[in-house]
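Data block for entry_13.pdb (PDB, C-alpha atoms):
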ATOM      1  CA  MET Q   1     147.554  85.867 102.333
ATOM      2  CA  LYS Q   2     147.068  89.607 102.943
ATOM      3  CA  LEU Q   3     145.435  89.926  99.515
ATOM      4  CA  LEU Q   4     143.005  87.098 100.294
ATOM      5  CA  LEU Q   5     142.128  88.697 103.627
ATOM      6  CA  PHE Q   6     141.540  92.039 101.898
ATOM      7  CA  LEU Q   7     139.306  90.453  99.269
ATOM      8  CA  PHE Q   8     137.322  88.560 101.919
ATOM      9  CA  THR Q   9     136.833  91.760 103.941
ATOM     10  CA  PHE Q  10     135.845  93.708 100.829
ATOM     11  CA  ILE Q  11     133.316  91.085  99.763
ATOM     12  CA  SER Q  12     131.863  90.873 103.279
ATOM     13  CA  VAL Q  13     131.429  94.649 103.509
ATOM     14  CA  THR Q  14     129.921  94.791 100.017
ATOM     15  CA  VAL Q  15     127.414  92.056 100.795
ATOM     16  CA  TYR Q  16     126.511  93.647 104.130
ATOM     17  CA  ALA Q  17     125.954  96.994 102.421
ATOM     18  CA  GLN Q  18     123.553  95.515  99.878
ATOM     19  CA  ASP Q  19     120.356  97.484  99.551
ATOM     20  CA  ILE Q  20     117.596  95.059 100.486
ATOM     21  CA  PRO Q  21     113.984  95.853 101.407
ATOM     22  CA  SER Q  22     113.062  96.364 105.037
ATOM     23  CA  ARG Q  23     109.489  95.070 104.823
ATOM     24  CA  TRP Q  24     109.125  91.370 105.609
ATOM     25  CA  ASP Q  25     106.758  90.804 102.674
ATOM     26  CA  GLU Q  26     109.111  92.453 100.174
ATOM     27  CA  LEU Q  27     112.184  90.404 101.093
ATOM     28  CA  THR Q  28     113.074  87.299  99.123
ATOM     29  CA  ALA Q  29     113.864  84.088 100.963
ATOM     30  CA  SER Q  30     117.473  84.401  99.806
ATOM     31  CA  ASP Q  31     117.607  87.887 101.410
ATOM     32  CA  TRP Q  32     116.686  86.489 104.818
ATOM     33  CA  PRO Q  33     120.161  85.719 106.223
ATOM     34  CA  LEU Q  34     121.395  89.173 105.214
ATOM     35  CA  ALA Q  35     118.290  90.834 106.682
ATOM     36  CA  LEU Q  36     118.906  89.080 110.007
ATOM     37  CA  GLU Q  37     122.548  90.165 109.945
ATOM     38  CA  LYS Q  38     121.889  93.799 108.988
ATOM     39  CA  SER Q  39     119.115  94.136 111.552
ATOM     40  CA  ASN Q  40     121.050  92.326 114.289
ATOM     41  CA  LYS Q  41     118.013  90.051 114.489
ATOM     42  CA  THR Q  42     115.729  93.025 115.165
ATOM     43  CA  ILE Q  43     112.212  93.490 113.805
ATOM     44  CA  ILE Q  44     109.727  96.337 114.148
ATOM     45  CA  LEU Q  45     106.074  95.459 114.688
ATOM     46  CA  PRO Q  46     104.064  98.598 113.829
ATOM     47  CA  ILE Q  47     100.532  98.276 115.207
ATOM     48  CA  GLY Q  48      97.658 100.396 113.960
ATOM     49  CA  ILE Q  49      93.888  99.955 113.929
ATOM     50  CA  LEU Q  50      90.899 100.361 111.614
ATOM     51  CA  GLU Q  51      88.421 102.925 112.942
ATOM     52  CA  LYS Q  52      86.633 106.139 112.041
ATOM     53  CA  HIS Q  53      88.749 109.310 112.242
ATOM     54  CA  GLY Q  54      86.131 112.011 112.080
ATOM     55  CA  PRO Q  55      84.158 112.609 108.868
ATOM     56  CA  HIS Q  56      87.233 113.495 106.812
ATOM     57  CA  ALA Q  57      90.227 111.234 107.526
ATOM     58  CA  PRO Q  58      90.786 107.630 106.367
ATOM     59  CA  ILE Q  59      89.787 104.679 108.527
ATOM     60  CA  GLY Q  60      93.359 103.400 108.452
ATOM     61  CA  SER Q  61      94.892 106.670 109.727
ATOM     62  CA  ASP Q  62      96.670 105.019 112.670
ATOM     63  CA  LEU Q  63      98.039 102.306 110.424
ATOM     64  CA  ILE Q  64      99.258 104.808 107.831
ATOM     65  CA  ASN Q  65     101.054 106.846 110.486
ATOM     66  CA  VAL Q  66     102.711 103.989 112.361
ATOM     67  CA  ARG Q  67     103.796 102.325 109.137
ATOM     68  CA  ALA Q  68     105.471 105.579 108.070
ATOM     69  CA  TRP Q  69     107.265 105.848 111.422
ATOM     70  CA  ALA Q  70     108.557 102.285 111.213
ATOM     71  CA  GLU Q  71     109.621 102.411 107.583
ATOM     72  CA  GLY Q  72     111.193 105.859 108.024
ATOM     73  CA  ALA Q  73     113.160 104.637 111.031
ATOM     74  CA  ALA Q  74     114.294 101.524 109.161
ATOM     75  CA  LYS Q  75     115.757 103.736 106.443
ATOM     76  CA  LYS Q  76     117.902 105.466 109.062
ATOM     77  CA  GLU Q  77     118.741 102.323 111.050
ATOM     78  CA  TYR Q  78     118.037  99.073 109.225
ATOM     79  CA  ALA Q  79     115.561  96.625 110.718
ATOM     80  CA  VAL Q  80     112.961  94.332 109.245
ATOM     81  CA  VAL Q  81     109.444  95.798 109.360
ATOM     82  CA  PHE Q  82     106.431  93.528 109.756
ATOM     83  CA  PRO Q  83     103.568  94.120 107.269
ATOM     84  CA  ASP Q  84     100.264  95.802 108.112
ATOM     85  CA  TYR Q  85      99.025  94.784 111.568
ATOM     86  CA  PHE Q  86      95.699  96.199 112.742
ATOM     87  CA  TYR Q  87      94.568  93.744 115.427
ATOM     88  CA  GLY Q  88      94.315  95.711 118.634
ATOM     89  CA  GLN Q  89      91.826  97.127 121.133
ATOM     90  CA  ILE Q  90      89.019  99.154 119.541
ATOM     91  CA  ASN Q  91      85.840  98.106 121.346
ATOM     92  CA  GLU Q  92      84.884 101.740 121.963
ATOM     93  CA  ALA Q  93      84.220 102.245 118.227
ATOM     94  CA  ARG Q  94      82.124  99.148 117.551
ATOM     95  CA  HIS Q  95      79.008 101.307 117.026
ATOM     96  CA  LEU Q  96      80.556 102.803 113.869
ATOM     97  CA  GLN Q  97      80.992 101.286 110.420
ATOM     98  CA  GLY Q  98      84.534 100.685 109.298
ATOM     99  CA  THR Q  99      85.702  99.529 112.723
ATOM    100  CA  PHE Q 100      87.531  96.198 112.763
ATOM    101  CA  ALA Q 101      87.304  94.857 116.303
ATOM    102  CA  ILE Q 102      88.208  91.299 117.247
ATOM    103  CA  PRO Q 103      87.623  89.632 120.656
ATOM    104  CA  ASP Q 104      90.130  90.785 123.267
ATOM    105  CA  ASP Q 105      91.429  87.289 124.009
ATOM    106  CA  LEU Q 106      91.984  86.680 120.302
ATOM    107  CA  ALA Q 107      93.862  89.986 119.930
ATOM    108  CA  PHE Q 108      96.161  88.964 122.758
ATOM    109  CA  LYS Q 109      96.736  85.436 121.454
ATOM    110  CA  LEU Q 110      97.343  86.700 117.941
ATOM    111  CA  LEU Q 111      99.965  89.146 119.181
ATOM    112  CA  GLU Q 112     101.688  86.412 121.168
ATOM    113  CA  ALA Q 113     101.605  84.020 118.211
ATOM    114  CA  THR Q 114     102.996  86.736 115.946
ATOM    115  CA  CYS Q 115     105.936  87.334 118.262
ATOM    116  CA  ASP Q 116     106.583  83.602 118.582
ATOM    117  CA  GLU Q 117     106.547  83.249 114.797
ATOM    118  CA  MET Q 118     108.968  86.148 114.404
ATOM    119  CA  ALA Q 119     111.328  84.401 116.814
ATOM    120  CA  ARG Q 120     110.969  81.142 114.909
ATOM    121  CA  ASN Q 121     112.185  83.039 111.852
ATOM    122  CA  GLY Q 122     115.346  84.141 113.626
ATOM    123  CA  PHE Q 123     114.506  87.414 115.379
ATOM    124  CA  GLU Q 124     115.591  87.947 118.974
ATOM    125  CA  LYS Q 125     114.494  91.586 119.391
ATOM    126  CA  ILE Q 126     110.890  92.557 118.681
ATOM    127  CA  PHE Q 127     110.221  96.291 118.785
ATOM    128  CA  ILE Q 128     106.528  97.174 119.067
ATOM    129  CA  VAL Q 129     105.646 100.648 117.815
ATOM    130  CA  ASN Q 130     102.025 101.638 118.410
ATOM    131  CA  GLY Q 131      99.954 104.135 116.447
ATOM    132  CA  HIS Q 132      96.564 103.811 118.183
ATOM    133  CA  GLY Q 133      95.579 105.630 121.361
ATOM    134  CA  GLY Q 134      93.432 102.744 122.596
ATOM    135  CA  ASN Q 135      96.278 100.198 122.581
ATOM    136  CA  PRO Q 136      98.878 101.248 125.209
ATOM    137  CA  GLN Q 137      97.246  99.609 128.237
ATOM    138  CA  MET Q 138      96.883  96.323 126.372
ATOM    139  CA  LEU Q 139     100.396  96.465 124.938
ATOM    140  CA  LYS Q 140     102.078  97.328 128.228
ATOM    141  CA  TYR Q 141     100.297  94.435 129.886
ATOM    142  CA  PHE Q 142     101.374  92.196 127.001
ATOM    143  CA  VAL Q 143     105.003  93.203 127.576
ATOM    144  CA  GLN Q 144     104.684  92.346 131.280
ATOM    145  CA  THR Q 145     103.267  88.911 130.421
ATOM    146  CA  GLN Q 146     106.493  88.090 128.581
ATOM    147  CA  LEU Q 147     107.804  86.999 131.972
ATOM    148  CA  ALA Q 148     105.159  84.288 132.301
ATOM    149  CA  ARG Q 149     107.103  81.741 130.262
ATOM    150  CA  LYS Q 150     110.667  81.463 129.041
ATOM    151  CA  LYS Q 151     111.351  82.872 125.594
ATOM    152  CA  ASN Q 152     114.376  83.172 123.348
ATOM    153  CA  TYR Q 153     113.494  86.756 122.420
ATOM    154  CA  VAL Q 154     112.764  90.114 124.032
ATOM    155  CA  VAL Q 155     109.783  92.373 123.345
ATOM    156  CA  TYR Q 156     110.499  96.102 123.511
ATOM    157  CA  TYR Q 157     107.668  98.666 123.525
ATOM    158  CA  PHE Q 158     108.154 102.188 122.199
ATOM    159  CA  ASP Q 159     107.022 104.519 124.980
ATOM    160  CA  PRO Q 160     108.298 108.022 124.144
ATOM    161  CA  GLY Q 161     108.568 110.713 126.783
ATOM    162  CA  SER Q 162     108.138 114.452 126.404
ATOM    163  CA  ASP Q 163     110.282 116.447 124.002
ATOM    164  CA  PRO Q 164     110.211 120.119 125.083
ATOM    165  CA  GLU Q 165     111.977 121.406 121.965
ATOM    166  CA  PHE Q 166     109.520 119.637 119.671
ATOM    167  CA  GLN Q 167     106.541 120.725 121.777
ATOM    168  CA  GLU Q 168     107.630 124.344 121.552
ATOM    169  CA  LYS Q 169     107.837 124.165 117.761
ATOM    170  CA  ALA Q 170     104.502 122.354 117.466
ATOM    171  CA  THR Q 171     102.743 124.805 119.778
ATOM    172  CA  ALA Q 172     103.922 127.702 117.657
ATOM    173  CA  MET Q 173     102.409 126.081 114.564
ATOM    174  CA  ARG Q 174      99.119 124.883 116.051
ATOM    175  CA  LYS Q 175      95.811 126.640 115.375
ATOM    176  CA  SER Q 176      93.583 124.708 117.793
ATOM    177  CA  ASP Q 177      93.569 123.817 121.508
ATOM    178  CA  ALA Q 178      96.044 121.000 122.083
ATOM    179  CA  GLY Q 179      94.076 119.808 125.121
ATOM    180  CA  GLY Q 180      91.099 118.741 123.013
ATOM    181  CA  ASP Q 181      93.085 117.406 120.057
ATOM    182  CA  MET Q 182      92.904 113.652 120.580
ATOM    183  CA  HIS Q 183      91.423 111.920 117.543
ATOM    184  CA  GLY Q 184      91.119 112.995 113.923
ATOM    185  CA  GLY Q 185      91.957 116.554 114.983
ATOM    186  CA  GLU Q 186      94.686 118.957 113.966
ATOM    187  CA  ASN Q 187      97.639 116.683 114.798
ATOM    188  CA  GLU Q 188      96.452 113.504 113.109
ATOM    189  CA  THR Q 189      94.959 115.284 110.120
ATOM    190  CA  SER Q 190      98.172 117.293 109.653
ATOM    191  CA  ALA Q 191     100.230 114.082 109.623
ATOM    192  CA  LEU Q 192      97.944 112.642 106.962
ATOM    193  CA  LEU Q 193      98.187 115.805 104.868
ATOM    194  CA  TYR Q 194     101.930 115.171 104.901
ATOM    195  CA  LEU Q 195     101.814 111.416 104.267
ATOM    196  CA  ARG Q 196      98.624 110.789 102.266
ATOM    197  CA  PRO Q 197      96.886 114.044 101.277
ATOM    198  CA  ASP Q 198      94.979 112.151  98.600
ATOM    199  CA  LEU Q 199      92.972 110.360 101.320
ATOM    200  CA  VAL Q 200      91.968 113.414 103.372
ATOM    201  CA  GLN Q 201      88.625 115.096 102.640
ATOM    202  CA  MET Q 202      89.242 118.496 104.214
ATOM    203  CA  ASP Q 203      85.895 119.893 103.038
ATOM    204  CA  ARG Q 204      84.179 117.401 105.385
ATOM    205  CA  ALA Q 205      86.214 118.201 108.506
ATOM    206  CA  THR Q 206      83.520 120.496 109.936
ATOM    207  CA  ASN Q 207      80.558 118.247 109.080
ATOM    208  CA  GLU Q 208      80.602 116.875 112.636
ATOM    209  CA  SER Q 209      81.613 118.301 115.981
ATOM    210  CA  GLY Q 210      84.862 117.183 117.557
ATOM    211  CA  ALA Q 211      83.995 118.809 120.892
ATOM    212  CA  ASP Q 212      83.634 116.909 124.172
ATOM    213  CA  GLN Q 213      79.929 116.140 124.673
ATOM    214  CA  GLU Q 214      80.431 115.853 128.462
ATOM    215  CA  ARG Q 215      77.655 113.308 128.926
ATOM    216  CA  LEU Q 216      79.120 111.440 131.909
ATOM    217  CA  PRO Q 217      78.470 112.579 135.477
ATOM    218  CA  GLY Q 218      81.604 113.960 137.076
ATOM    219  CA  ILE Q 219      82.867 111.259 139.465
ATOM    220  CA  GLU Q 220      86.281 112.180 140.745
ATOM    221  CA  ASN Q 221      89.098 109.599 140.588
ATOM    222  CA  VAL Q 222      86.967 107.046 138.714
ATOM    223  CA  TYR Q 223      87.561 105.473 135.286
ATOM    224  CA  THR Q 224      84.965 103.665 133.139
ATOM    225  CA  GLY Q 225      85.226 102.020 129.733
ATOM    226  CA  ILE Q 226      82.350 104.047 128.313
ATOM    227  CA  TRP Q 227      84.090 107.406 128.869
ATOM    228  CA  TRP Q 228      85.205 107.808 125.250
ATOM    229  CA  TYR Q 229      81.772 107.137 123.773
ATOM    230  CA  ALA Q 230      80.206 109.481 126.327
ATOM    231  CA  SER Q 231      82.560 112.288 125.366
ATOM    232  CA  PHE Q 232      83.096 111.681 121.658
ATOM    233  CA  PRO Q 233      80.290 109.534 120.184
ATOM    234  CA  HIS Q 234      81.220 110.613 116.635
ATOM    235  CA  HIS Q 235      84.752 109.293 117.187
ATOM    236  CA  TYR Q 236      86.127 112.736 116.513
ATOM    237  CA  ALA Q 237      88.039 114.820 119.060
ATOM    238  CA  GLY Q 238      89.540 118.066 117.861
ATOM    239  CA  GLU Q 239      89.427 120.361 114.874
ATOM    240  CA  GLY Q 240      90.703 118.643 111.768
ATOM    241  CA  ASP Q 241      89.960 121.669 109.620
ATOM    242  CA  LYS Q 242      92.856 123.505 111.296
ATOM    243  CA  ALA Q 243      95.415 120.976 110.031
ATOM    244  CA  THR Q 244      98.436 121.886 107.888
ATOM    245  CA  ARG Q 245     100.965 119.826 105.986
ATOM    246  CA  GLU Q 246     103.795 121.742 107.689
ATOM    247  CA  LEU Q 247     102.680 120.661 111.155
ATOM    248  CA  GLY Q 248     102.275 117.116 109.860
ATOM    249  CA  GLU Q 249     105.838 117.070 108.587
ATOM    250  CA  LEU Q 250     107.148 118.279 111.949
ATOM    251  CA  ILE Q 251     105.134 115.655 113.861
ATOM    252  CA  THR Q 252     105.984 112.777 111.539
ATOM    253  CA  GLU Q 253     109.698 113.429 111.171
ATOM    254  CA  ASN Q 254     110.061 113.951 114.932
ATOM    255  CA  ARG Q 255     108.444 110.569 115.568
ATOM    256  CA  ILE Q 256     110.572 108.848 112.923
ATOM    257  CA  ASP Q 257     113.731 110.243 114.531
ATOM    258  CA  ALA Q 258     112.590 109.064 117.974
ATOM    259  CA  VAL Q 259     111.805 105.555 116.722
ATOM    260  CA  ALA Q 260     115.139 105.384 114.883
ATOM    261  CA  LYS Q 261     117.036 106.459 118.009
ATOM    262  CA  ALA Q 262     115.322 103.762 120.087
ATOM    263  CA  LEU Q 263     115.868 101.222 117.328
ATOM    264  CA  LYS Q 264     119.598 101.900 117.217
ATOM    265  CA  ALA Q 265     119.854 101.332 120.971
ATOM    266  CA  ILE Q 266     117.822  98.112 120.750
ATOM    267  CA  LYS Q 267     120.032  96.730 117.993
ATOM    268  CA  ALA Q 268     123.098  97.413 120.129
ATOM    269  CA  ASP Q 269     121.555  95.964 123.299
ATOM    270  CA  THR Q 270     123.357  92.827 124.499
ATOM    271  CA  GLU Q 271     122.137  92.773 128.102
ATOM    272  CA  THR Q 272     118.338  92.591 128.164
ATOM    273  CA  LEU Q 273     118.062  89.042 126.819
ATOM    274  CA  LYS Q 274     120.825  87.907 129.177
ATOM    275  CA  ILE Q 275     119.007  89.392 132.164
ATOM    276  CA  GLN Q 276     115.727  87.877 131.016
ATOM    277  CA  ASN Q 277     117.385  84.451 130.751
ATOM    278  CA  GLN Q 278     118.844  84.901 134.240
ATOM    279  CA  PHE Q 279     115.364  85.687 135.522
ATOM    280  CA  PHE Q 280     113.982  82.408 134.197
ATOM    281  CA  GLU Q 281     116.928  80.479 135.633
ATOM    282  CA  ASP Q 282     116.102  82.003 139.031
ATOM    283  CA  VAL Q 283     112.445  81.075 138.545
ATOM    284  CA  ASP Q 284     113.412  77.472 137.831
ATOM    285  CA  VAL Q 285     115.663  77.292 140.880
ATOM    286  CA  ASN Q 286     113.023  78.673 143.239
ATOM    287  CA  ALA Q 287     110.315  76.532 141.724
ATOM    288  CA  LYS Q 288     112.076  73.300 142.730
ATOM    289  CA  PRO Q 289     110.732  71.720 145.916
ATOM    290  CA  ASN Q 290     113.069  71.720 148.908
ATOM    291  CA  ARG Q 291     114.475  68.321 149.833
TER     292      ARG Q 291
END

Would you mind giving the structure from this file in structure tokens?
Amino acid sequence: MKLLLFLFTFISVTVYAQDIPSRWDELTASDWPLALEKSNKTIILPIGILEKHGPHAPIGSDLINVRAWAEGAAKKEYAVVFPDYFYGQINEARHLQGTFAIPDDLAFKLLEATCDEMARNGFEKIFIVNGHGGNPQMLKYFVQTQLARKKNYVVYYFDPGSDPEFQEKATAMRKSDAGGDMHGGENETSALLYLRPDLVQMDRATNESGADQERLPGIENVYTGIWWYASFPHHYAGEGDKATRELGELITENRIDAVAKALKAIKADTETLKIQNQFFEDVDVNAKPNR
């Protein structure tokens, strides 16, 4: 009896430890039950975008970066990773070739349908990791709308805070003003020199200006949708020519570690779905007419 128990435990551990792919599209159908078990029914949805990144960096820069974060984190803490997803908010770059912008209502519905389909395939924890600066407002609102109807899954959104130790190291390595480094500049170009140097055309990084054009009148405490185009019509904000692979490695590995840390906590989380279910039970109770 003890021998049978030992063999069963050994086989179970061996099967669990099997090296299977993390990407959804690389798994076989027969891998699926093991992938759900190893991930604790957790999936990462890395969201990028297709847009110009200055005159020198690839159009899919955001997608390349966020995919690296997700896949790097999944190597440290196993989870299934959804394939390339580049359907977000990018209206501010529609005047430039290479931009892939879909209607806002379609982007929202597609994201909701994607999450529903993930749940239908057995996932209960959907971890959105964003790589595009124009997406956070949309994604945070999407997370809030998860309370509009009852679901059998939870959506988590990666929203990292400040990391003083990392910032100190990055500041020491930087060659340009961090305040103006927002798009295709030193940070993003450095990350690409680390991940995909073959796609970066460094000799073109100074062909256009990445400086703020300051074309909007200064109206205090007011926000408009045209602000980005007014400031950076070339869709370039920073100095990509100052980029280094070393800074890119620091930035990328720091982000991978942060995603992996959040992922580990999400996989271990047993309370959020319970609380969400309790919320909908309370909604149903209060929605009933008094008799």

Using only C-alpha atoms, determine which residues lie at most 8 Å from Q:Glu77, disregarding the query and same-chain residues fewer than 5 positions distant; provide the list as a list in words.
Ala260, Leu263 and Lys264 of chain Q

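Computed from the coordinates, the atom CA of Q:Lys76 to atom CA of Q:Lys261 distance equals 9.0 Å.
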
With only C-alpha atoms as the counted atoms, please give the residues lying no more than 10 Å from Q:Glu112, apart from itself and same-chain residues fewer than 6 positions off, as an NGL selection string.
:Q and (106 or 118 or 142-143 or 145-146)

I need the residue nearest Q:Thr189 from this list: Q:Asp62, Q:Glu37, Q:Glu165, Q:Asp284. Use only C-alpha atoms for the distance.
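Answer, going by the shortest atom-to-atom distance: Q:Asp62.
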
Pull out every residue that the PyMOL selection byres ((chain Q and resi 103) around 12) matches in the shown coordinates and put them as a PyMOL selection string.
chain Q and resi 87-91+94+100-102+104-110

Which residues are near Q:Ile256? Cut-off 8 Å, all atoms listed in the file, ignore same chain within fewer than 3 positions. Put them as a ChimeraX atom specification.
/Q:68-70,72-73,252-253,259-260

Could you tell me which residues the PyMOL selection byres ((chain Q and resi 23) around 9) grabs in this file, written as an MDAnalysis selection string?
chainID Q and resid 21:22 24:27 71 79:83

Stretch 73-92 of chain Q: axis-aligned bounding box, 3 Å on each side, centre and edge lengths in Å, one decimal, as JSON:
{"center_x": 101.8, "center_y": 99.5, "center_z": 114.2, "size_x": 39.9, "size_y": 17.9, "size_z": 21.5}

As a check of understanding, name the residues that the PyMOL selection byres ((chain Q and resi 206-215) around 10) selects in the supplied structure, as a PDB file with C-alpha atoms, keeping the file's coordinate frame.
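Done, and the output landed in selection.pdb:
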ATOM      1  CA  GLY Q  54      86.131 112.011 112.080  1.00  0.00           C
ATOM      2  CA  PRO Q  55      84.158 112.609 108.868  1.00  0.00           C
ATOM      3  CA  HIS Q  56      87.233 113.495 106.812  1.00  0.00           C
ATOM      4  CA  GLY Q 180      91.099 118.741 123.013  1.00  0.00           C
ATOM      5  CA  ASP Q 181      93.085 117.406 120.057  1.00  0.00           C
ATOM      6  CA  MET Q 182      92.904 113.652 120.580  1.00  0.00           C
ATOM      7  CA  HIS Q 183      91.423 111.920 117.543  1.00  0.00           C
ATOM      8  CA  GLY Q 184      91.119 112.995 113.923  1.00  0.00           C
ATOM      9  CA  GLY Q 185      91.957 116.554 114.983  1.00  0.00           C
ATOM     10  CA  MET Q 202      89.242 118.496 104.214  1.00  0.00           C
ATOM     11  CA  ASP Q 203      85.895 119.893 103.038  1.00  0.00           C
ATOM     12  CA  ARG Q 204      84.179 117.401 105.385  1.00  0.00           C
ATOM     13  CA  ALA Q 205      86.214 118.201 108.506  1.00  0.00           C
ATOM     14  CA  LEU Q 216      79.120 111.440 131.909  1.00  0.00           C
ATOM     15  CA  PRO Q 217      78.470 112.579 135.477  1.00  0.00           C
ATOM     16  CA  GLY Q 218      81.604 113.960 137.076  1.00  0.00           C
ATOM     17  CA  TRP Q 227      84.090 107.406 128.869  1.00  0.00           C
ATOM     18  CA  TRP Q 228      85.205 107.808 125.250  1.00  0.00           C
ATOM     19  CA  TYR Q 229      81.772 107.137 123.773  1.00  0.00           C
ATOM     20  CA  ALA Q 230      80.206 109.481 126.327  1.00  0.00           C
ATOM     21  CA  SER Q 231      82.560 112.288 125.366  1.00  0.00           C
ATOM     22  CA  PHE Q 232      83.096 111.681 121.658  1.00  0.00           C
ATOM     23  CA  PRO Q 233      80.290 109.534 120.184  1.00  0.00           C
ATOM     24  CA  HIS Q 234      81.220 110.613 116.635  1.00  0.00           C
ATOM     25  CA  HIS Q 235      84.752 109.293 117.187  1.00  0.00           C
ATOM     26  CA  TYR Q 236      86.127 112.736 116.513  1.00  0.00           C
ATOM     27  CA  ALA Q 237      88.039 114.820 119.060  1.00  0.00           C
ATOM     28  CA  GLY Q 238      89.540 118.066 117.861  1.00  0.00           C
ATOM     29  CA  GLU Q 239      89.427 120.361 114.874  1.00  0.00           C
ATOM     30  CA  GLY Q 240      90.703 118.643 111.768  1.00  0.00           C
ATOM     31  CA  ASP Q 241      89.960 121.669 109.620  1.00  0.00           C
ATOM     32  CA  LYS Q 242      92.856 123.505 111.296  1.00  0.00           C
TER      33      LYS Q 242
END

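Proximity to Q:Ala243 was assessed for Q:Leu147, Q:Ala191, Q:Ala74, Q:Ile20 counting only C-alpha atoms; the smallest distance is recorded for Q:Ala191.
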
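With all atoms listed in the file as the basis for measurement, Q:Gly122 is the residue among Q:Gly122, Q:Gly98, Q:Pro58, Q:Pro160 that approaches Q:Ile43 most closely.
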
Mind checking which residues fall within 9 Å of Q:Asn277, counting all atoms listed in the file, ignoring those fewer than 5 positions away in the same chain, and posting them as a ChimeraX atom specification?
/Q:150-152,272,282

With C-alpha atoms retained, could you export that selection as a PDB file, keeping the file's coordinate frame?
ATOM      1  CA  LYS Q 150     110.667  81.463 129.041  1.00  0.00           C
ATOM      2  CA  LYS Q 151     111.351  82.872 125.594  1.00  0.00           C
ATOM      3  CA  ASN Q 152     114.376  83.172 123.348  1.00  0.00           C
ATOM      4  CA  THR Q 272     118.338  92.591 128.164  1.00  0.00           C
ATOM      5  CA  ASP Q 282     116.102  82.003 139.031  1.00  0.00           C
TER       6      ASP Q 282
END

I'd like the interatomic distance between atom CA of Q:Gln201 and atom CA of Q:Ala170, to a tenth of an Å.
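Between these atoms lies a distance of 22.9 Å.
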
Nearest to Q:Asn187 among Q:Arg149, Q:Lys274, Q:His53, Q:Lys140, with distances taken over all atoms listed in the file: which residue is it?
Q:His53

Option closest in space to Q:Lys267, from Q:Val66, Q:Leu34, Q:Ile126, Q:Leu250 [counting only C-alpha atoms]:
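Counting only C-alpha atoms, the residue closest to Q:Lys267 is Q:Ile126.
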
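Going from atom CA of Q:Ser30 to atom CA of Q:Glu117 covers 18.6 Å.
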
Give the answer as one residue: which of Q:Leu193, Q:Val222, Q:Glu249, Q:Val154 has the shortest atom-to-atom distance to Q:Gln276, using all atoms listed in the file?
Q:Val154

Shell of 12 Å around Q:Phe166, all atoms listed in the file, local chain residues under 5 positions omitted, as number ranges by chain:
Q: 161, 171-173, 247, 249-255, 257-258

Regenerate stretch 75-88 of chain Q at the level of N, CA and C atoms and dump it as a PDB file, in the frame of the given file.
ATOM      1  N   LYS Q  75     114.868 103.147 107.445  1.00  0.00           N
ATOM      2  CA  LYS Q  75     115.757 103.736 106.443  1.00  0.00           C
ATOM      3  C   LYS Q  75     116.977 104.372 107.106  1.00  0.00           C
ATOM      4  N   LYS Q  76     116.801 104.854 108.323  1.00  0.00           N
ATOM      5  CA  LYS Q  76     117.902 105.466 109.062  1.00  0.00           C
ATOM      6  C   LYS Q  76     118.744 104.415 109.777  1.00  0.00           C
ATOM      7  N   GLU Q  77     118.080 103.375 110.264  1.00  0.00           N
ATOM      8  CA  GLU Q  77     118.741 102.323 111.050  1.00  0.00           C
ATOM      9  C   GLU Q  77     118.065 101.006 110.677  1.00  0.00           C
ATOM     10  N   TYR Q  78     118.723 100.213 109.829  1.00  0.00           N
ATOM     11  CA  TYR Q  78     118.037  99.073 109.225  1.00  0.00           C
ATOM     12  C   TYR Q  78     117.470  98.085 110.237  1.00  0.00           C
ATOM     13  N   ALA Q  79     116.224  97.719 110.016  1.00  0.00           N
ATOM     14  CA  ALA Q  79     115.561  96.625 110.718  1.00  0.00           C
ATOM     15  C   ALA Q  79     114.491  96.095 109.789  1.00  0.00           C
ATOM     16  N   VAL Q  80     114.080  94.883 110.010  1.00  0.00           N
ATOM     17  CA  VAL Q  80     112.961  94.332 109.245  1.00  0.00           C
ATOM     18  C   VAL Q  80     111.668  94.906 109.819  1.00  0.00           C
ATOM     19  N   VAL Q  81     110.724  95.222 108.952  1.00  0.00           N
ATOM     20  CA  VAL Q  81     109.444  95.798 109.360  1.00  0.00           C
ATOM     21  C   VAL Q  81     108.329  94.824 109.001  1.00  0.00           C
ATOM     22  N   PHE Q  82     107.534  94.451 109.999  1.00  0.00           N
ATOM     23  CA  PHE Q  82     106.431  93.528 109.756  1.00  0.00           C
ATOM     24  C   PHE Q  82     105.336  94.233 108.947  1.00  0.00           C
ATOM     25  N   PRO Q  83     104.632  93.503 108.072  1.00  0.00           N
ATOM     26  CA  PRO Q  83     103.568  94.120 107.269  1.00  0.00           C
ATOM     27  C   PRO Q  83     102.400  94.624 108.117  1.00  0.00           C
ATOM     28  N   ASP Q  84     101.414  95.177 107.451  1.00  0.00           N
ATOM     29  CA  ASP Q  84     100.264  95.802 108.112  1.00  0.00           C
ATOM     30  C   ASP Q  84      99.665  94.933 109.206  1.00  0.00           C
ATOM     31  N   TYR Q  85      99.565  95.496 110.412  1.00  0.00           N
ATOM     32  CA  TYR Q  85      99.025  94.784 111.568  1.00  0.00           C
ATOM     33  C   TYR Q  85      98.021  95.711 112.245  1.00  0.00           C
ATOM     34  N   PHE Q  86      96.756  95.325 112.203  1.00  0.00           N
ATOM     35  CA  PHE Q  86      95.699  96.199 112.742  1.00  0.00           C
ATOM     36  C   PHE Q  86      94.775  95.451 113.701  1.00  0.00           C
ATOM     37  N   TYR Q  87      95.356  94.550 114.493  1.00  0.00           N
ATOM     38  CA  TYR Q  87      94.568  93.744 115.427  1.00  0.00           C
ATOM     39  C   TYR Q  87      94.855  94.207 116.851  1.00  0.00           C
ATOM     40  N   GLY Q  88      94.093  95.173 117.302  1.00  0.00           N
ATOM     41  CA  GLY Q  88      94.315  95.711 118.634  1.00  0.00           C
ATOM     42  C   GLY Q  88      93.016  95.901 119.385  1.00  0.00           C
TER      43      GLY Q  88
END
